[in-house]
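**Q** Next comes the structure file upload09.txt, holding compact mmCIF, C-alpha atoms.
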# COMPACT_ATOMS: atom_id res chain seq x y z
CA MET A 1 0.00 0.00 0.00
CA ASP A 2 2.89 2.40 0.78
CA THR A 3 4.21 1.87 -2.74
CA ILE A 4 0.88 2.77 -4.32
CA LEU A 5 0.46 5.84 -2.10
CA ILE A 6 3.96 7.17 -2.83
CA LEU A 7 3.64 6.69 -6.58
CA ALA A 8 0.03 7.92 -6.73
CA ARG A 9 0.99 11.05 -4.78
CA GLN A 10 3.91 11.80 -7.10
CA ILE A 11 1.88 11.20 -10.25
CA THR A 12 -0.97 13.36 -8.90
CA ILE A 13 1.50 16.22 -8.36
CA MET A 14 2.66 15.75 -11.93
CA PHE A 15 -0.90 15.97 -13.23
CA LEU A 16 -1.47 19.17 -11.25
CA LEU A 17 1.58 20.65 -12.97
CA MET A 18 0.24 19.40 -16.29
CA GLY A 19 -2.98 21.24 -15.47
CA LEU A 20 -0.95 24.43 -15.09
CA GLY A 21 0.58 23.82 -18.51
CA TRP A 22 -2.91 23.27 -19.96
CA ILE A 23 -4.14 26.58 -18.46
CA LEU A 24 -1.07 28.50 -19.64
CA SER A 25 -1.46 27.14 -23.15
CA LYS A 26 -5.21 27.71 -23.36
CA SER A 27 -4.85 31.26 -22.05
CA GLY A 28 -2.08 32.08 -24.53
CA PHE A 29 0.66 32.63 -21.96
CA LEU A 30 2.56 29.58 -23.26
CA THR A 31 2.78 29.50 -27.05
CA PRO A 32 3.74 26.43 -29.14
CA GLN A 33 7.14 28.06 -29.75
CA GLY A 34 7.49 28.66 -26.02
CA ALA A 35 6.79 24.99 -25.28
CA LYS A 36 9.33 24.01 -27.93
CA ASP A 37 11.93 26.32 -26.35
CA LEU A 38 11.25 24.77 -22.94
CA SER A 39 11.80 21.30 -24.47
CA HIS A 40 15.20 22.40 -25.76
CA LEU A 41 16.01 23.85 -22.34
CA LEU A 42 15.27 20.48 -20.74
CA LEU A 43 17.29 18.51 -23.26
CA ARG A 44 20.32 20.78 -23.41
CA PHE A 45 20.64 21.92 -19.81
CA VAL A 46 18.29 20.36 -17.24
CA VAL A 47 18.71 16.65 -18.05
CA PRO A 48 22.51 16.99 -18.44
CA ALA A 49 22.62 18.77 -15.07
CA ILE A 50 20.69 15.90 -13.46
CA ILE A 51 23.05 13.31 -14.91
CA ILE A 52 26.18 15.16 -13.73
CA GLN A 53 24.74 15.83 -10.29
CA SER A 54 23.74 12.19 -9.79
CA PHE A 55 27.40 11.12 -10.20
CA LEU A 56 28.76 13.60 -7.66
CA VAL A 57 29.01 10.90 -5.02
CA GLU A 58 31.83 9.04 -3.34
CA ARG A 59 33.23 6.23 -5.46
CA THR A 60 32.94 2.98 -3.56
CA PRO A 61 33.37 -0.62 -4.74
CA GLN A 62 29.62 -1.13 -4.27
CA ARG A 63 28.72 1.92 -6.35
CA VAL A 64 31.13 0.92 -9.11
CA HIS A 65 29.62 -2.57 -9.10
CA ASP A 66 26.06 -1.15 -9.22
CA PHE A 67 26.98 1.32 -11.97
CA PHE A 68 28.14 -1.41 -14.34
CA TRP A 69 25.01 -3.42 -13.55
CA SER A 70 22.73 -0.43 -14.16
CA PHE A 71 24.55 0.41 -17.40
CA GLY A 72 24.26 -3.14 -18.73
CA LEU A 73 20.65 -3.52 -17.62
CA SER A 74 19.69 -0.17 -19.17
CA LEU A 75 21.19 -1.18 -22.50
CA ALA A 76 19.49 -4.58 -22.37
CA VAL A 77 16.05 -3.25 -21.35
CA ILE A 78 15.98 -0.42 -23.91
CA SER A 79 17.24 -2.67 -26.71
CA PHE A 80 14.59 -5.23 -25.78
CA SER A 81 11.90 -2.53 -25.79
CA VAL A 82 12.97 -1.32 -29.25
CA ALA A 83 13.00 -4.89 -30.57
CA VAL A 84 9.50 -5.69 -29.26
CA SER A 85 8.13 -2.43 -30.65
CA ARG A 86 9.84 -3.02 -34.01
CA LEU A 87 8.36 -6.50 -34.23
CA LEU A 88 4.83 -5.18 -33.67
CA PHE A 89 5.02 -1.92 -35.65
CA HIS A 90 7.45 -2.70 -38.46
CA ARG A 91 5.15 -1.80 -41.35
CA SER A 92 5.53 1.46 -43.24
CA GLY A 93 3.42 4.27 -41.82
CA HIS A 94 3.72 3.10 -38.21
CA VAL A 95 6.76 5.18 -37.26
CA ILE A 96 4.88 7.08 -34.53
CA ASP A 97 3.54 3.84 -33.03
CA HIS A 98 7.03 2.31 -33.14
CA PHE A 99 8.85 5.32 -31.69
CA GLY A 100 6.19 5.95 -29.05
CA SER A 101 5.97 2.40 -27.74
CA ALA A 102 9.74 1.86 -27.86
CA PHE A 103 10.79 4.92 -25.83
CA CYS A 104 9.42 5.76 -22.40
CA ASN A 105 9.45 9.13 -20.68
CA ALA A 106 12.52 8.24 -18.60
CA GLY A 107 13.81 11.74 -18.00
CA PHE A 108 10.50 13.49 -17.29
CA PHE A 109 8.69 10.72 -15.39
CA GLY A 110 11.37 8.21 -14.44
CA ILE A 111 13.72 10.55 -12.57
CA PRO A 112 11.14 12.18 -10.25
CA LEU A 113 9.48 8.82 -9.57
CA VAL A 114 12.80 7.22 -8.67
CA GLN A 115 13.61 10.22 -6.47
CA ALA A 116 10.26 9.95 -4.67
CA PHE A 117 10.26 6.18 -4.28
CA LEU A 118 13.93 5.23 -3.82
CA GLY A 119 15.53 8.52 -2.73
CA GLU A 120 17.91 11.03 -4.30
CA GLU A 121 20.88 8.65 -4.38
CA ALA A 122 18.99 6.18 -6.59
CA VAL A 123 19.12 8.69 -9.47
CA PHE A 124 22.70 7.45 -9.81
CA TYR A 125 21.30 4.14 -11.11
CA ILE A 126 18.85 5.69 -13.58
CA ALA A 127 21.39 8.08 -15.15
CA SER A 128 22.60 5.42 -17.61
CA PHE A 129 18.99 4.67 -18.59
CA VAL A 130 18.24 8.35 -19.30
CA MET A 131 21.43 8.76 -21.33
CA MET A 132 20.69 5.68 -23.43
CA ILE A 133 17.08 6.70 -24.07
CA PHE A 134 18.26 9.98 -25.54
CA PHE A 135 21.04 8.23 -27.44
CA PHE A 136 18.61 5.77 -29.06
CA GLN A 137 16.04 8.50 -29.75
CA TRP A 138 18.48 10.86 -31.45
CA THR A 139 20.08 8.12 -33.55
CA TYR A 140 17.83 5.13 -34.25
CA GLY A 141 14.64 7.09 -33.49
CA VAL A 142 15.41 10.03 -35.78
CA TYR A 143 16.50 7.58 -38.47
CA GLN A 144 13.03 5.99 -38.35
CA PHE A 145 11.53 9.40 -39.17
CA THR A 146 14.09 10.55 -41.75
CA LYS A 147 15.89 7.45 -43.04
CA ASP A 148 18.99 9.67 -42.86
CA ARG A 149 22.04 7.63 -41.88
CA SER A 150 23.99 10.74 -40.88
CA MET A 151 22.32 10.35 -37.47
CA PHE A 152 24.91 7.66 -36.75
CA ARG A 153 27.95 9.76 -37.66
CA PHE A 154 30.54 10.21 -34.93
CA ARG A 155 30.41 14.02 -35.09
CA ARG A 156 26.66 14.03 -34.50
CA LEU A 157 26.98 11.64 -31.58
CA ILE A 158 29.73 13.49 -29.70
CA THR A 159 27.83 16.80 -29.87
CA ASN A 160 24.75 15.35 -28.13
CA PRO A 161 24.43 17.28 -24.81
CA VAL A 162 23.23 14.21 -22.89
CA LEU A 163 26.20 12.12 -24.04
CA ILE A 164 28.58 14.98 -23.20
CA ALA A 165 27.05 15.24 -19.71
CA PHE A 166 27.34 11.48 -19.22
CA ALA A 167 31.03 11.56 -20.20
CA ILE A 168 31.66 14.42 -17.74
CA ALA A 169 29.73 12.58 -15.03
CA LEU A 170 31.76 9.39 -15.49
CA LEU A 171 35.01 11.36 -15.36
CA LEU A 172 33.97 13.09 -12.13
CA PHE A 173 32.86 9.81 -10.57
CA PHE A 174 35.78 7.55 -11.46
CA VAL A 175 38.54 10.17 -11.03
CA GLN A 176 36.83 11.73 -8.00
CA ILE A 177 37.57 15.30 -9.07
CA PRO A 178 36.50 17.71 -6.31
CA VAL A 179 33.65 19.98 -7.44
CA PRO A 180 33.25 23.26 -5.51
CA GLU A 181 29.93 24.28 -4.00
CA ILE A 182 29.69 27.21 -6.39
CA ILE A 183 29.21 24.59 -9.14
CA THR A 184 27.15 21.99 -7.28
CA THR A 185 24.58 24.50 -6.02
CA PRO A 186 23.57 25.73 -9.51
CA LEU A 187 23.50 22.10 -10.69
CA LYS A 188 20.99 21.25 -7.94
CA MET A 189 18.89 24.30 -8.75
CA ILE A 190 18.82 23.54 -12.47
CA SER A 191 18.05 19.86 -11.81
CA ALA A 192 15.03 20.86 -9.71
CA LEU A 193 13.46 22.39 -12.83
CA ASN A 194 13.02 18.97 -14.46
CA THR A 195 9.63 17.91 -13.13
CA PRO A 196 7.75 21.26 -13.25
CA ILE A 197 8.96 22.25 -16.71
CA ALA A 198 8.45 18.77 -18.16
CA MET A 199 4.89 18.50 -16.86
CA ILE A 200 4.01 22.04 -18.00
CA ILE A 201 5.18 21.06 -21.50
CA LEU A 202 3.03 17.92 -21.44
CA GLY A 203 0.07 20.01 -20.27
CA SER A 204 0.56 22.33 -23.21
CA TYR A 205 0.49 19.30 -25.53
CA LEU A 206 -2.74 18.23 -23.88
CA ALA A 207 -4.28 21.63 -24.62
CA LYS A 208 -3.70 21.24 -28.36
CA ASP A 209 -6.56 18.76 -28.75
CA ARG A 210 -10.04 18.34 -27.36
CA LEU A 211 -9.84 16.21 -24.22
CA ILE A 212 -12.44 13.80 -25.57
CA GLY A 213 -10.36 13.37 -28.73
CA ILE A 214 -7.57 11.78 -26.69
CA PHE A 215 -9.87 8.89 -25.75
CA THR A 216 -11.84 8.50 -29.01
CA ASP A 217 -8.86 7.93 -31.35
CA ARG A 218 -8.81 4.14 -31.49
CA ARG A 219 -5.45 4.17 -33.30
CA ALA A 220 -3.80 5.50 -30.15
CA TYR A 221 -4.58 2.51 -27.94
CA ALA A 222 -2.27 -0.06 -29.57
CA PRO A 223 1.06 1.77 -28.95
CA VAL A 224 -0.16 2.84 -25.50
CA ALA A 225 -0.98 -0.77 -24.55
CA VAL A 226 2.42 -1.94 -25.75
CA ARG A 227 4.22 0.86 -23.87
CA LEU A 228 2.27 0.62 -20.60
CA VAL A 229 1.42 -3.09 -20.35
CA LEU A 230 3.22 -5.48 -22.69
CA ILE A 231 6.79 -4.16 -22.52
CA PRO A 232 6.68 -3.53 -18.73
CA LEU A 233 5.39 -7.06 -18.03
CA LEU A 234 8.10 -8.58 -20.21
CA THR A 235 10.69 -6.34 -18.53
CA ILE A 236 9.54 -7.45 -15.08
CA GLY A 237 9.97 -11.05 -16.24
CA LEU A 238 13.52 -10.36 -17.40
CA LEU A 239 14.52 -8.48 -14.24
CA THR A 240 13.07 -11.24 -12.05
CA LEU A 241 15.96 -13.43 -13.22
CA LEU A 242 18.44 -11.18 -11.37
CA PRO A 243 19.63 -11.94 -7.81
CA ASP A 244 17.92 -10.32 -4.83
CA SER A 245 21.10 -8.38 -4.04
CA LEU A 246 20.30 -6.13 -7.02
CA THR A 247 16.76 -5.23 -5.89
CA THR A 248 17.43 -1.48 -5.67
CA VAL A 249 19.17 -1.38 -9.05
CA ARG A 250 16.46 -3.34 -10.84
CA LEU A 251 13.73 -1.22 -9.26
CA ALA A 252 15.56 1.91 -10.43
CA ILE A 253 15.63 0.42 -13.96
CA LEU A 254 12.05 -0.85 -13.83
CA ILE A 255 10.44 2.46 -12.77
CA PRO A 256 11.44 4.37 -15.94
CA SER A 257 10.59 1.25 -17.97
CA VAL A 258 6.92 1.51 -16.91
CA ALA A 259 6.76 5.27 -17.59
CA PRO A 260 4.42 6.55 -20.33
CA ILE A 261 5.34 7.43 -23.90
CA GLY A 262 8.05 10.08 -24.15
CA ALA A 263 7.12 13.58 -25.30
CA ASN A 264 9.87 13.52 -27.95
CA VAL A 265 7.62 11.52 -30.27
CA ALA A 266 5.47 14.66 -30.59
CA VAL A 267 8.54 16.88 -30.99
CA PHE A 268 9.97 14.71 -33.78
CA ALA A 269 6.57 14.29 -35.45
CA GLY A 270 6.33 18.08 -35.71
CA LEU A 271 9.91 18.45 -36.94
CA TYR A 272 9.61 15.77 -39.63
CA ASP A 273 6.05 16.38 -40.89
CA GLN A 274 4.45 13.26 -39.46
CA ASP A 275 1.00 12.92 -37.83
CA TYR A 276 1.61 15.42 -35.02
CA GLY A 277 -1.97 15.16 -33.73
CA LYS A 278 -1.71 11.41 -33.23
CA ALA A 279 1.69 11.78 -31.56
CA VAL A 280 0.27 14.27 -29.05
CA ARG A 281 -2.72 12.01 -28.37
CA ILE A 282 -0.64 8.91 -27.61
CA VAL A 283 1.62 10.95 -25.29
CA CYS A 284 -1.36 12.37 -23.40
CA LEU A 285 -3.37 9.12 -23.36
CA SER A 286 -0.43 7.08 -22.05
CA THR A 287 0.33 9.75 -19.44
CA LEU A 288 -3.25 9.70 -18.16
CA ILE A 289 -3.51 5.89 -18.09
CA SER A 290 -0.12 5.59 -16.37
CA LEU A 291 -1.72 6.98 -13.22
CA VAL A 292 -3.22 3.49 -12.85
CA THR A 293 -0.61 1.26 -14.50
CA ILE A 294 2.57 2.54 -12.81
CA PRO A 295 1.53 1.78 -9.20
CA LEU A 296 0.12 -1.60 -10.23
CA LEU A 297 3.22 -2.66 -12.15
CA VAL A 298 5.69 -1.51 -9.48
CA SER A 299 3.61 -3.24 -6.79
CA LEU A 300 3.57 -6.41 -8.89
CA ALA A 301 7.35 -6.29 -9.26
CA GLN A 302 7.86 -5.80 -5.52
CA TRP A 303 5.55 -8.72 -4.78
CA LEU A 304 7.52 -10.95 -7.16
CA TRP A 305 10.90 -9.77 -5.84
Before anything else, please render the file you have as structure tokens.
**A**
Amino acid sequence: MDTILILARQITIMFLLMGLGWILSKSGFLTPQGAKDLSHLLLRFVVPAIIIQSFLVERTPQRVHDFFWSFGLSLAVISFSVAVSRLLFHRSGHVIDHFGSAFCNAGFFGIPLVQAFLGEEAVFYIASFVMMIFFFQWTYGVYQFTKDRSMFRFRRLITNPVLIAFAIALLLFFVQIPVPEIITTPLKMISALNTPIAMIILGSYLAKDRLIGIFTDRRAYAPVAVRLVLIPLLTIGLLTLLPDSLTTVRLAILIPSVAPIGANVAVFAGLYDQDYGKAVRIVCLSTLISLVTIPLLVSLAQWLW
């Protein structure tokens, strides 16, 4: 019951912030360009700040051990998610379904949920997951929209702000470079912007369509079901094979895995002239339904583990 209450409370707070985004958008205070600018702010500054901050901890043998486990598990879980989604939505014209069901909202939903449920230190374990989500989205994901192989070029990869932040974070963690308070304090302040800005953006997406339209588009339910039910259940099955000593790590990996569809599917749909309306609807529908599915799935995992 504690699990459900913690998660339900956190998700309810998120929906209240989404409501603010809906009001700001409907009233004209937050324009589509403003929401887009906020998205870039999150990608280029807030998420990198979170990743760097999460690695500003003492290097211990246990943390090094857990880092390599979380890195390997993140790669395995995301690759598995992409493969399942590809198998189900491989036909031409299903790029939004494929992208949406393959990639969860790890940065916007996963990080605050892990913070609320497992504590601030557990963000250390989810950092690899967030980095890899963005890596896959901006390479494989963009390629699905554009069929442009330049997404995989080395120059494009090394200029990705999330990958740069991850490289800096690893350097700080393994070398144990002292970071002065004048740097760590702004990092904490910037990191705190993640949840409110992300949810305000999602609320602005919600305001772009009639609320009833989110539920009446039958095309939206297939990718949502895959993202919120099928892939999480299969992921729970895979993580159940791990030893009990890794319970915290696998919970930190599971929580973002059960998060709703990532908002970037709507961003990319708008950038590359795809069905933007459908992309917004599957983001909003999955976010609303996740209020029920996330507590149930995490509770199921805890019962099994």
**Q** At a cut-off of 12 Å, using only C-alpha atoms, what residues contact Phe45 (chain A)? Leave out same-chain residues fewer than 6 positions from it and give the result as a compact mmCIF listing (two decimals) with C-alpha atoms, in the frame of the given file.
**A**
# COMPACT_ATOMS: atom_id res chain seq x y z
CA ASP A 37 11.93 26.32 -26.35
CA LEU A 38 11.25 24.77 -22.94
CA SER A 39 11.80 21.30 -24.47
CA ILE A 51 23.05 13.31 -14.91
CA ILE A 52 26.18 15.16 -13.73
CA ASN A 160 24.75 15.35 -28.13
CA PRO A 161 24.43 17.28 -24.81
CA VAL A 162 23.23 14.21 -22.89
CA ILE A 164 28.58 14.98 -23.20
CA ALA A 165 27.05 15.24 -19.71
CA PRO A 186 23.57 25.73 -9.51
CA LEU A 187 23.50 22.10 -10.69
CA LYS A 188 20.99 21.25 -7.94
CA MET A 189 18.89 24.30 -8.75
CA ILE A 190 18.82 23.54 -12.47
CA SER A 191 18.05 19.86 -11.81
CA ALA A 192 15.03 20.86 -9.71
CA LEU A 193 13.46 22.39 -12.83
CA ASN A 194 13.02 18.97 -14.46
**Q** Find the residues near region 220-233 of chain A: any atom within 8 Å, counting all atoms listed in the file, skip ones fewer than 3 places away on the same chain, and give them as a PDB file with C-alpha atoms, in the frame of the given file.
**A**
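Written out: part-v4.pdb:
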ATOM      1  CA  SER A  81      11.900  -2.530 -25.790  1.00  0.00           C
ATOM      2  CA  VAL A  84       9.500  -5.690 -29.260  1.00  0.00           C
ATOM      3  CA  SER A  85       8.130  -2.430 -30.650  1.00  0.00           C
ATOM      4  CA  ASP A  97       3.540   3.840 -33.030  1.00  0.00           C
ATOM      5  CA  HIS A  98       7.030   2.310 -33.140  1.00  0.00           C
ATOM      6  CA  GLY A 100       6.190   5.950 -29.050  1.00  0.00           C
ATOM      7  CA  SER A 101       5.970   2.400 -27.740  1.00  0.00           C
ATOM      8  CA  ALA A 102       9.740   1.860 -27.860  1.00  0.00           C
ATOM      9  CA  PHE A 103      10.790   4.920 -25.830  1.00  0.00           C
ATOM     10  CA  CYS A 104       9.420   5.760 -22.400  1.00  0.00           C
ATOM     11  CA  ASP A 217      -8.860   7.930 -31.350  1.00  0.00           C
ATOM     12  CA  ILE A 236       9.540  -7.450 -15.080  1.00  0.00           C
ATOM     13  CA  GLY A 237       9.970 -11.050 -16.240  1.00  0.00           C
ATOM     14  CA  LEU A 254      12.050  -0.850 -13.830  1.00  0.00           C
ATOM     15  CA  SER A 257      10.590   1.250 -17.970  1.00  0.00           C
ATOM     16  CA  VAL A 258       6.920   1.510 -16.910  1.00  0.00           C
ATOM     17  CA  ALA A 259       6.760   5.270 -17.590  1.00  0.00           C
ATOM     18  CA  PRO A 260       4.420   6.550 -20.330  1.00  0.00           C
ATOM     19  CA  ILE A 261       5.340   7.430 -23.900  1.00  0.00           C
ATOM     20  CA  LYS A 278      -1.710  11.410 -33.230  1.00  0.00           C
ATOM     21  CA  ARG A 281      -2.720  12.010 -28.370  1.00  0.00           C
ATOM     22  CA  ILE A 282      -0.640   8.910 -27.610  1.00  0.00           C
ATOM     23  CA  LEU A 285      -3.370   9.120 -23.360  1.00  0.00           C
ATOM     24  CA  SER A 286      -0.430   7.080 -22.050  1.00  0.00           C
ATOM     25  CA  SER A 290      -0.120   5.590 -16.370  1.00  0.00           C
ATOM     26  CA  THR A 293      -0.610   1.260 -14.500  1.00  0.00           C
ATOM     27  CA  LEU A 297       3.220  -2.660 -12.150  1.00  0.00           C
TER      28      LEU A 297
END
**Q** Can you measure CA of Phe136 (chain A) to CA of Leu157 (chain A) for me? One decimal in Å is fine.
**A**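 Rounded to one decimal, the two atoms are 10.5 Å apart.
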**Q** At most 8 Å is the cut-off: for each residue in region 229-276 of chain A with any atom that close to an atom of region 120-132 of chain A, write down the nearest atom pair and the distance in Å rounded to one decimal, counting only C-alpha atoms, chain first then increasing number, as CSV.
**A**
residue,atom,partner,partner_atom,distance
A:Thr248,CA,A:Ala122,CA,7.9
A:Val249,CA,A:Tyr125,CA,6.3
A:Ala252,CA,A:Ile126,CA,5.9
A:Ile253,CA,A:Ile126,CA,6.2
A:Pro256,CA,A:Ile126,CA,7.9
**Q** Using all atoms listed in the file, determine which residues lie at most 10 Å from Leu206 (chain A), disregarding the query and same-chain residues fewer than 4 positions distant; provide the list as a list in words.
**A**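 My reading of the contact set: Met18, Gly19, Gly21, Trp22, Ser25, Lys26, Ile200, Ile201, Leu202, Arg210, Leu211, Ile214, Val280, Arg281, Val283, Cys284 and Leu285 of chain A.
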**Q** Which residue out of A:Asp273, A:Trp305, A:Tyr205, A:Leu242 has the minimum interatomic distance to Leu20 (chain A) when all atoms listed in the file are used?
**A**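 The closest residue to Leu20 (chain A) is A:Tyr205.
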